[in-house]
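Heads up, structure_11.txt below (compact mmCIF, C-alpha atoms):
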```txt
# COMPACT_ATOMS: atom_id res chain seq x y z
CA MET W 23 4.26 1.58 15.50
CA ASN W 24 0.46 1.43 15.36
CA LYS W 25 0.50 4.76 13.52
CA LEU W 26 2.78 3.28 10.87
CA LYS W 27 0.42 0.33 10.41
CA ILE W 28 -2.49 2.72 9.93
CA MET W 29 -0.50 4.84 7.45
CA LEU W 30 0.53 1.83 5.36
CA THR W 31 -2.99 0.43 5.28
CA ALA W 32 -4.47 3.82 4.43
CA ALA W 33 -1.95 4.35 1.64
CA CYS W 34 -2.85 1.02 0.09
CA THR W 35 -6.57 1.74 0.35
CA LEU W 36 -6.10 5.19 -1.19
CA ALA W 37 -4.13 3.75 -4.09
CA ILE W 38 -6.82 1.16 -4.75
CA ALA W 39 -9.47 3.86 -4.75
CA SER W 40 -7.46 6.27 -6.88
CA PHE W 41 -6.22 3.99 -9.67
CA GLY W 42 -8.55 2.42 -12.17
CA VAL W 43 -8.25 -1.25 -12.95
CA ALA W 44 -9.35 -0.97 -16.59
CA LYS W 45 -7.17 -2.88 -19.05
CA ALA W 46 -5.66 -4.87 -16.21
CA ASP W 47 -4.53 -8.45 -16.87
CA SER W 48 -3.30 -10.50 -13.93
CA SER W 49 -1.86 -13.21 -16.21
CA ASN W 50 1.07 -10.90 -17.00
CA PHE W 51 2.16 -11.23 -13.37
CA ALA W 52 1.42 -14.93 -12.88
CA GLY W 53 4.00 -17.62 -12.24
CA PRO W 54 7.30 -18.07 -10.41
CA TYR W 55 9.84 -15.29 -10.02
CA VAL W 56 13.23 -14.52 -8.51
CA GLY W 57 14.68 -11.14 -7.65
CA LEU W 58 17.75 -9.41 -6.25
CA GLN W 59 17.18 -6.60 -3.76
CA VAL W 60 19.08 -3.46 -2.89
CA LEU W 61 17.80 -1.90 0.30
CA ALA W 62 18.28 0.53 3.12
CA LEU W 63 17.74 -0.87 6.60
CA GLY W 64 16.96 1.14 9.70
CA ALA W 65 17.33 -0.55 13.09
CA GLU W 66 15.98 0.69 16.38
CA PHE W 67 16.61 -0.84 19.79
CA ASP W 68 15.01 -0.11 23.12
CA GLY W 69 17.09 -1.89 25.73
CA THR W 70 17.75 -2.10 29.46
CA GLY W 71 20.36 -3.55 31.76
CA THR W 72 19.37 -4.11 35.39
CA SER W 73 21.39 -5.17 38.41
CA THR W 74 19.26 -6.57 41.22
CA GLY W 75 21.74 -7.58 43.87
CA ASP W 76 25.33 -8.28 44.94
CA GLY W 77 25.98 -11.54 43.12
CA CYS W 78 29.76 -10.94 43.16
CA THR W 79 32.30 -9.18 45.32
CA ALA W 80 32.73 -6.38 42.77
CA CYS W 81 29.02 -5.73 42.29
CA THR W 82 27.00 -2.90 43.73
CA THR W 83 24.22 -3.66 46.18
CA SER W 84 21.72 -1.15 44.84
CA ASN W 85 19.35 -1.68 41.93
CA ILE W 86 20.69 -0.13 38.71
CA THR W 87 18.97 0.23 35.34
CA ASP W 88 20.83 1.38 32.22
CA LYS W 89 18.49 2.34 29.36
CA VAL W 90 19.64 2.15 25.76
CA ASN W 91 17.89 3.53 22.67
CA VAL W 92 19.89 3.13 19.49
CA GLY W 93 18.98 3.90 15.88
CA THR W 94 21.16 2.87 12.94
CA THR W 95 20.81 2.81 9.15
CA ALA W 96 22.81 0.87 6.58
CA GLY W 97 22.71 -0.29 2.99
CA SER W 98 22.32 -3.99 2.34
CA TYR W 99 21.16 -6.62 -0.13
CA GLY W 100 18.69 -9.46 -0.34
CA LEU W 101 17.16 -12.24 -2.41
CA GLU W 102 13.48 -13.06 -3.00
CA VAL W 103 11.67 -15.97 -4.63
CA GLY W 104 7.95 -16.44 -5.01
CA TYR W 105 4.92 -17.41 -7.04
CA VAL W 106 2.01 -15.23 -8.15
CA ILE W 107 -1.43 -16.84 -8.43
CA PRO W 108 -4.04 -14.96 -10.54
CA MET W 109 -7.34 -14.34 -8.75
CA GLY W 110 -9.41 -13.00 -11.64
CA SER W 111 -8.52 -10.20 -14.07
CA HIS W 112 -7.67 -7.54 -11.51
CA PHE W 113 -6.31 -9.38 -8.49
CA ALA W 114 -3.50 -11.80 -7.68
CA LEU W 115 -1.99 -13.48 -4.65
CA ASP W 116 1.78 -13.27 -4.26
CA LEU W 117 3.33 -16.01 -2.08
CA GLY W 118 7.05 -15.89 -1.42
CA GLY W 119 10.05 -15.65 0.80
CA GLN W 120 12.98 -13.28 1.12
CA TYR W 121 16.40 -13.20 2.71
CA LEU W 122 17.83 -9.87 3.84
CA GLN W 123 21.42 -9.47 4.96
CA GLY W 124 21.61 -6.68 7.52
CA LYS W 125 23.35 -6.63 10.88
CA GLY W 126 22.09 -4.58 13.81
CA LYS W 127 23.92 -4.12 17.08
CA VAL W 128 23.34 -2.51 20.45
CA ALA W 129 26.04 -2.26 23.12
CA ALA W 130 25.86 -1.28 26.77
CA THR W 131 28.39 -0.65 29.52
CA ASN W 132 27.65 -2.82 32.52
CA SER W 133 27.51 -0.71 35.69
CA ASP W 134 27.42 -3.94 37.70
CA VAL W 135 31.23 -4.05 37.84
CA ALA W 136 33.26 -1.49 39.77
CA ASN W 137 35.46 -0.40 36.86
CA THR W 138 32.63 -0.73 34.25
CA ALA W 139 34.68 -3.18 32.18
CA GLY W 140 31.92 -5.78 31.86
CA ASN W 141 30.47 -4.58 28.57
CA VAL W 142 27.86 -6.47 26.52
CA SER W 143 26.30 -6.28 23.07
CA PHE W 144 23.40 -7.84 21.18
CA GLU W 145 23.65 -8.49 17.44
CA PHE W 146 21.17 -9.81 14.91
CA ASP W 147 21.54 -10.70 11.24
CA ASP W 148 20.23 -12.92 8.40
CA HIS W 149 16.57 -11.93 8.26
CA ILE W 150 14.34 -14.56 6.64
CA THR W 151 10.69 -13.80 5.90
CA GLY W 152 7.82 -15.83 4.47
CA TYR W 153 5.08 -13.59 3.12
CA ILE W 154 1.71 -13.31 1.45
CA ALA W 155 0.91 -10.21 -0.61
CA PRO W 156 -2.62 -9.55 -1.92
CA THR W 157 -2.06 -7.62 -5.15
CA LEU W 158 -4.24 -5.24 -7.14
CA ILE W 159 -3.45 -5.21 -10.87
CA LEU W 160 -3.58 -1.61 -12.10
CA SER W 161 -2.66 -2.25 -15.75
CA ASP W 162 -0.98 -4.86 -17.93
CA THR W 163 2.38 -3.86 -16.47
CA SER W 164 1.82 -2.32 -13.02
CA SER W 165 0.41 -3.45 -9.68
CA ILE W 166 0.27 -2.46 -6.02
CA TYR W 167 0.33 -4.82 -3.04
CA LEU W 168 0.13 -5.06 0.72
CA LYS W 169 2.58 -7.59 2.14
CA VAL W 170 2.23 -9.44 5.45
CA GLY W 171 4.92 -11.82 6.63
CA VAL W 172 6.51 -13.77 9.46
CA SER W 173 10.22 -13.08 10.02
CA GLU W 174 13.15 -14.63 11.86
CA ALA W 175 16.68 -13.38 12.49
CA ALA W 176 19.77 -14.93 14.02
CA THR W 177 21.05 -13.45 17.29
CA SER W 178 24.44 -13.38 18.96
CA VAL W 179 25.94 -11.68 22.02
CA SER W 180 29.34 -10.68 23.33
CA GLY W 181 30.34 -10.42 26.96
CA ASP W 182 29.75 -12.57 30.03
CA ILE W 183 26.04 -13.13 29.29
CA THR W 184 23.81 -15.90 28.01
CA THR W 185 22.77 -16.05 24.35
CA PRO W 186 19.03 -15.49 23.73
CA ALA W 187 16.90 -17.39 21.25
CA ASP W 188 16.71 -16.17 17.67
CA LEU W 189 14.36 -13.30 16.95
CA SER W 190 10.88 -13.79 15.52
CA GLY W 191 8.36 -11.16 14.49
CA GLN W 192 5.85 -9.83 11.99
CA MET W 193 6.50 -7.80 8.84
CA LEU W 194 4.12 -5.35 7.17
CA ALA W 195 4.93 -3.56 3.91
CA ILE W 196 3.38 -1.81 0.92
CA GLY W 197 4.86 -1.73 -2.55
CA THR W 198 4.52 -1.59 -6.32
CA ARG W 199 5.61 -4.02 -9.00
CA THR W 200 6.12 -3.32 -12.70
CA VAL W 201 6.50 -6.26 -15.08
CA LEU W 202 7.84 -5.82 -18.62
CA ASP W 203 6.91 -8.02 -21.61
CA SER W 204 10.32 -9.69 -21.34
CA GLY W 205 9.49 -10.94 -17.85
CA ILE W 206 11.85 -8.53 -16.11
CA PHE W 207 10.22 -6.76 -13.17
CA ILE W 208 11.00 -3.87 -10.86
CA ARG W 209 9.64 -3.79 -7.33
CA THR W 210 9.70 -0.89 -4.88
CA GLU W 211 8.70 -1.46 -1.27
CA ALA W 212 8.64 0.17 2.16
CA GLY W 213 7.80 -1.55 5.43
CA TYR W 214 8.93 -2.65 8.84
CA THR W 215 9.43 -5.73 11.00
CA ASP W 216 8.51 -5.69 14.67
CA TYR W 217 10.56 -8.36 16.45
CA ASN W 218 9.83 -9.93 19.81
CA GLY W 219 11.86 -8.80 22.81
CA ILE W 220 15.05 -10.68 23.64
CA GLY W 221 16.75 -11.04 26.99
CA ALA W 222 19.92 -12.35 28.57
CA THR W 223 21.42 -12.68 32.05
CA GLY W 224 24.95 -12.53 33.34
CA LYS W 225 26.78 -15.86 33.49
CA GLY W 226 29.12 -14.92 36.36
CA GLU W 227 32.00 -16.67 34.60
CA GLY W 228 34.28 -13.70 33.86
CA THR W 229 37.15 -12.23 35.86
CA VAL W 230 36.17 -10.20 38.92
CA ALA W 231 36.65 -6.42 38.45
CA LYS W 232 37.37 -6.98 34.77
CA ASP W 233 34.66 -8.67 32.69
CA LEU W 234 32.51 -10.58 35.17
CA ILE W 235 28.76 -9.94 35.03
CA SER W 236 26.69 -11.14 37.95
CA THR W 237 23.97 -13.74 37.43
CA THR W 238 21.57 -11.24 39.02
CA THR W 239 22.11 -8.79 36.16
CA LYS W 240 19.58 -8.91 33.32
CA PHE W 241 19.67 -7.31 29.87
CA SER W 242 16.83 -6.95 27.36
CA ALA W 243 16.23 -5.36 23.96
CA ASP W 244 13.25 -4.76 21.65
CA PRO W 245 14.47 -4.43 18.03
CA THR W 246 12.46 -3.01 15.13
CA ILE W 247 13.62 -3.00 11.50
CA VAL W 248 12.41 -0.48 8.91
CA HIS W 249 13.28 -1.17 5.27
CA GLY W 250 13.12 0.44 1.86
CA VAL W 251 13.70 -1.92 -1.07
CA ILE W 252 14.26 -1.79 -4.81
CA SER W 253 14.19 -5.23 -6.46
CA LEU W 254 15.17 -6.24 -9.97
CA GLY W 255 14.04 -9.69 -10.98
CA PHE W 256 12.62 -12.03 -13.57
CA ARG W 257 9.20 -13.68 -13.92
CA PHE W 258 9.43 -17.09 -15.57
```

Will you turn the file into structure tokens for me?
Amino acid sequence: MNKLKIMLTAACTLAIASFGVAKADSSNFAGPYVGLQVLALGAEFDGTGTSTGDGCTACTTSNITDKVNVGTTAGSYGLEVGYVIPMGSHFALDLGGQYLQGKGKVAATNSDVANTAGNVSFEFDDHITGYIAPTLILSDTSSIYLKVGVSEAATSVSGDITTPADLSGQMLAIGTRTVLDSGIFIRTEAGYTDYNGIGATGKGEGTVAKDLISTTTKFSADPTIVHGVISLGFRF
């Protein structure tokens, strides 16, 4: 993930160095805006499930670790609102927030139960991000920006396990924005969100040899979201 950060930062720096800022006018971008987003989401999970004892009569006594690495992609939609503050003729500061609808899921078979019926899954959805995006104005109609944000997502689980806290993480993205004289704008963006790890433990409340998961069994996952966005919106 560090390589991706370096690539995004380098791309932004290269664009700033390559494009002239002559004839730029940040006032064309200033003010409040709202946009609808169409996007592709990629989700990656690194997860583990570990049994550390014989917390039930159907559990094994040896330590067991099941590793899960899942990658998924899906189309989705979102909504963004924000305000652009001019910072001279060639620069602006974009402050905003966005909501992305996109569900990710990882499932694992629990080897803690003799007939492996105690399955679990983690799900997350409803990504909300607050962001700041320093913007370089390339011309009266075009700009490039680097976006940094703080994100949250709702989590849920299935199976005989506890529900972890909602996800939180950091987003980094690079994009372009073109604003027409009418106020209509088009934004293209690519980036990723690195969420904190989440964990859960068995509740031991299921039926033995069916769906019971021992309280000594622990599950964890580290989700990362990669997104590509096209936004169509209006600057007021």

Original post:
Using only C-alpha atoms, which of W:Asp148, W:Asp116, W:Asp233, W:Glu227 sits nearest Tyr99 in chain W?
Top reply: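 Result for the nearest residue to Tyr99 in chain W: W:Asp148.
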
**OP:** Measuring atom to atom with all atoms listed in the file, identify which of W:Val251, W:Met109, W:Ile154, W:Leu234 is nearest to Glu211 in chain W.
**Re:** W:Val251

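Across W:Arg257, W:His149, W:Arg199, W:Lys240, the tightest approach to Leu101 in chain W is made by W:His149 when counting all atoms listed in the file.
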
Original post:
Could you work out how far CA of Ile159 in chain W lies from CA of Val60 in chain W, giving the answer in Å with one decimal?
Top reply: 24.0 Å

Subject >> Atomic separation - CA of Asp162 in chain W relative to CA of Ala62 in chain W, Å >> reply: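 Between CA of Ala62 in chain W and CA of Asp162 in chain W the gap is 29.0 Å.
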
Original post:
Rounded to one decimal in Å, what is the spacing between CA of Thr210 in chain W and CA of Thr198 in chain W?
Top reply: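 Answer for the CA of Thr210 in chain W to CA of Thr198 in chain W separation: 5.4 Å.
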
Extending 3 Å beyond the listed atoms of range 49-62 of chain W on each side, what axis-aligned box results? I want centre and edge lengths in Å to one decimal, as JSON.
```
{"center_x": 8.6, "center_y": -8.8, "center_z": -6.9, "size_x": 26.9, "size_y": 24.6, "size_z": 26.1}
```

Subject >> Minimum-distance residue to Pro156 in chain W, chosen among W:Asn141, W:Gly110, W:Val179, W:Leu117 (using all atoms listed in the file) >> reply: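 The answer is W:Leu117, which sits nearest to Pro156 in chain W.
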
**OP:** Choose the residue, out of W:Gly197, W:Gly97, W:Gly57, W:Gly250, that has the smallest atom-to-atom separation from Lys125 in chain W; count all atoms listed in the file.
**Re:** W:Gly97

Asp188 in chain W: which residues within 8 Å, counting only C-alpha atoms, same-chain residues fewer than 2 positions away excluded, as a compact mmCIF listing (two decimals) with C-alpha atoms, in the coordinates of the input?
```
# COMPACT_ATOMS: atom_id res chain seq x y z
CA GLU W 174 13.15 -14.63 11.86
CA ALA W 175 16.68 -13.38 12.49
CA ALA W 176 19.77 -14.93 14.02
CA THR W 177 21.05 -13.45 17.29
CA PRO W 186 19.03 -15.49 23.73
CA SER W 190 10.88 -13.79 15.52
```

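Between Ser236 in chain W and the candidates W:Thr223, W:Ser164, W:Ser143, W:Thr157, the tightest atom-to-atom separation, counting all atoms listed in the file, involves W:Thr223.
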
When you look at Thr237 in chain W with a cut-off of 8 Å (counting all atoms listed in the file), what residues show up, excluding the ones that are within fewer than 2 positions of it in the same chain? I need them as an mmCIF file with C-alpha atoms, in the frame of the given file.
```cif
data_model
loop_
_atom_site.group_PDB
_atom_site.id
_atom_site.type_symbol
_atom_site.label_atom_id
_atom_site.label_comp_id
_atom_site.auth_asym_id
_atom_site.auth_seq_id
_atom_site.Cartn_x
_atom_site.Cartn_y
_atom_site.Cartn_z
ATOM 1 C CA GLY W 77 25.980 -11.540 43.120
ATOM 2 C CA THR W 223 21.420 -12.680 32.050
ATOM 3 C CA GLY W 224 24.950 -12.530 33.340
ATOM 4 C CA LYS W 225 26.780 -15.860 33.490
ATOM 5 C CA GLY W 226 29.120 -14.920 36.360
ATOM 6 C CA ILE W 235 28.760 -9.940 35.030
ATOM 7 C CA THR W 239 22.110 -8.790 36.160
ATOM 8 C CA LYS W 240 19.580 -8.910 33.320
#
```
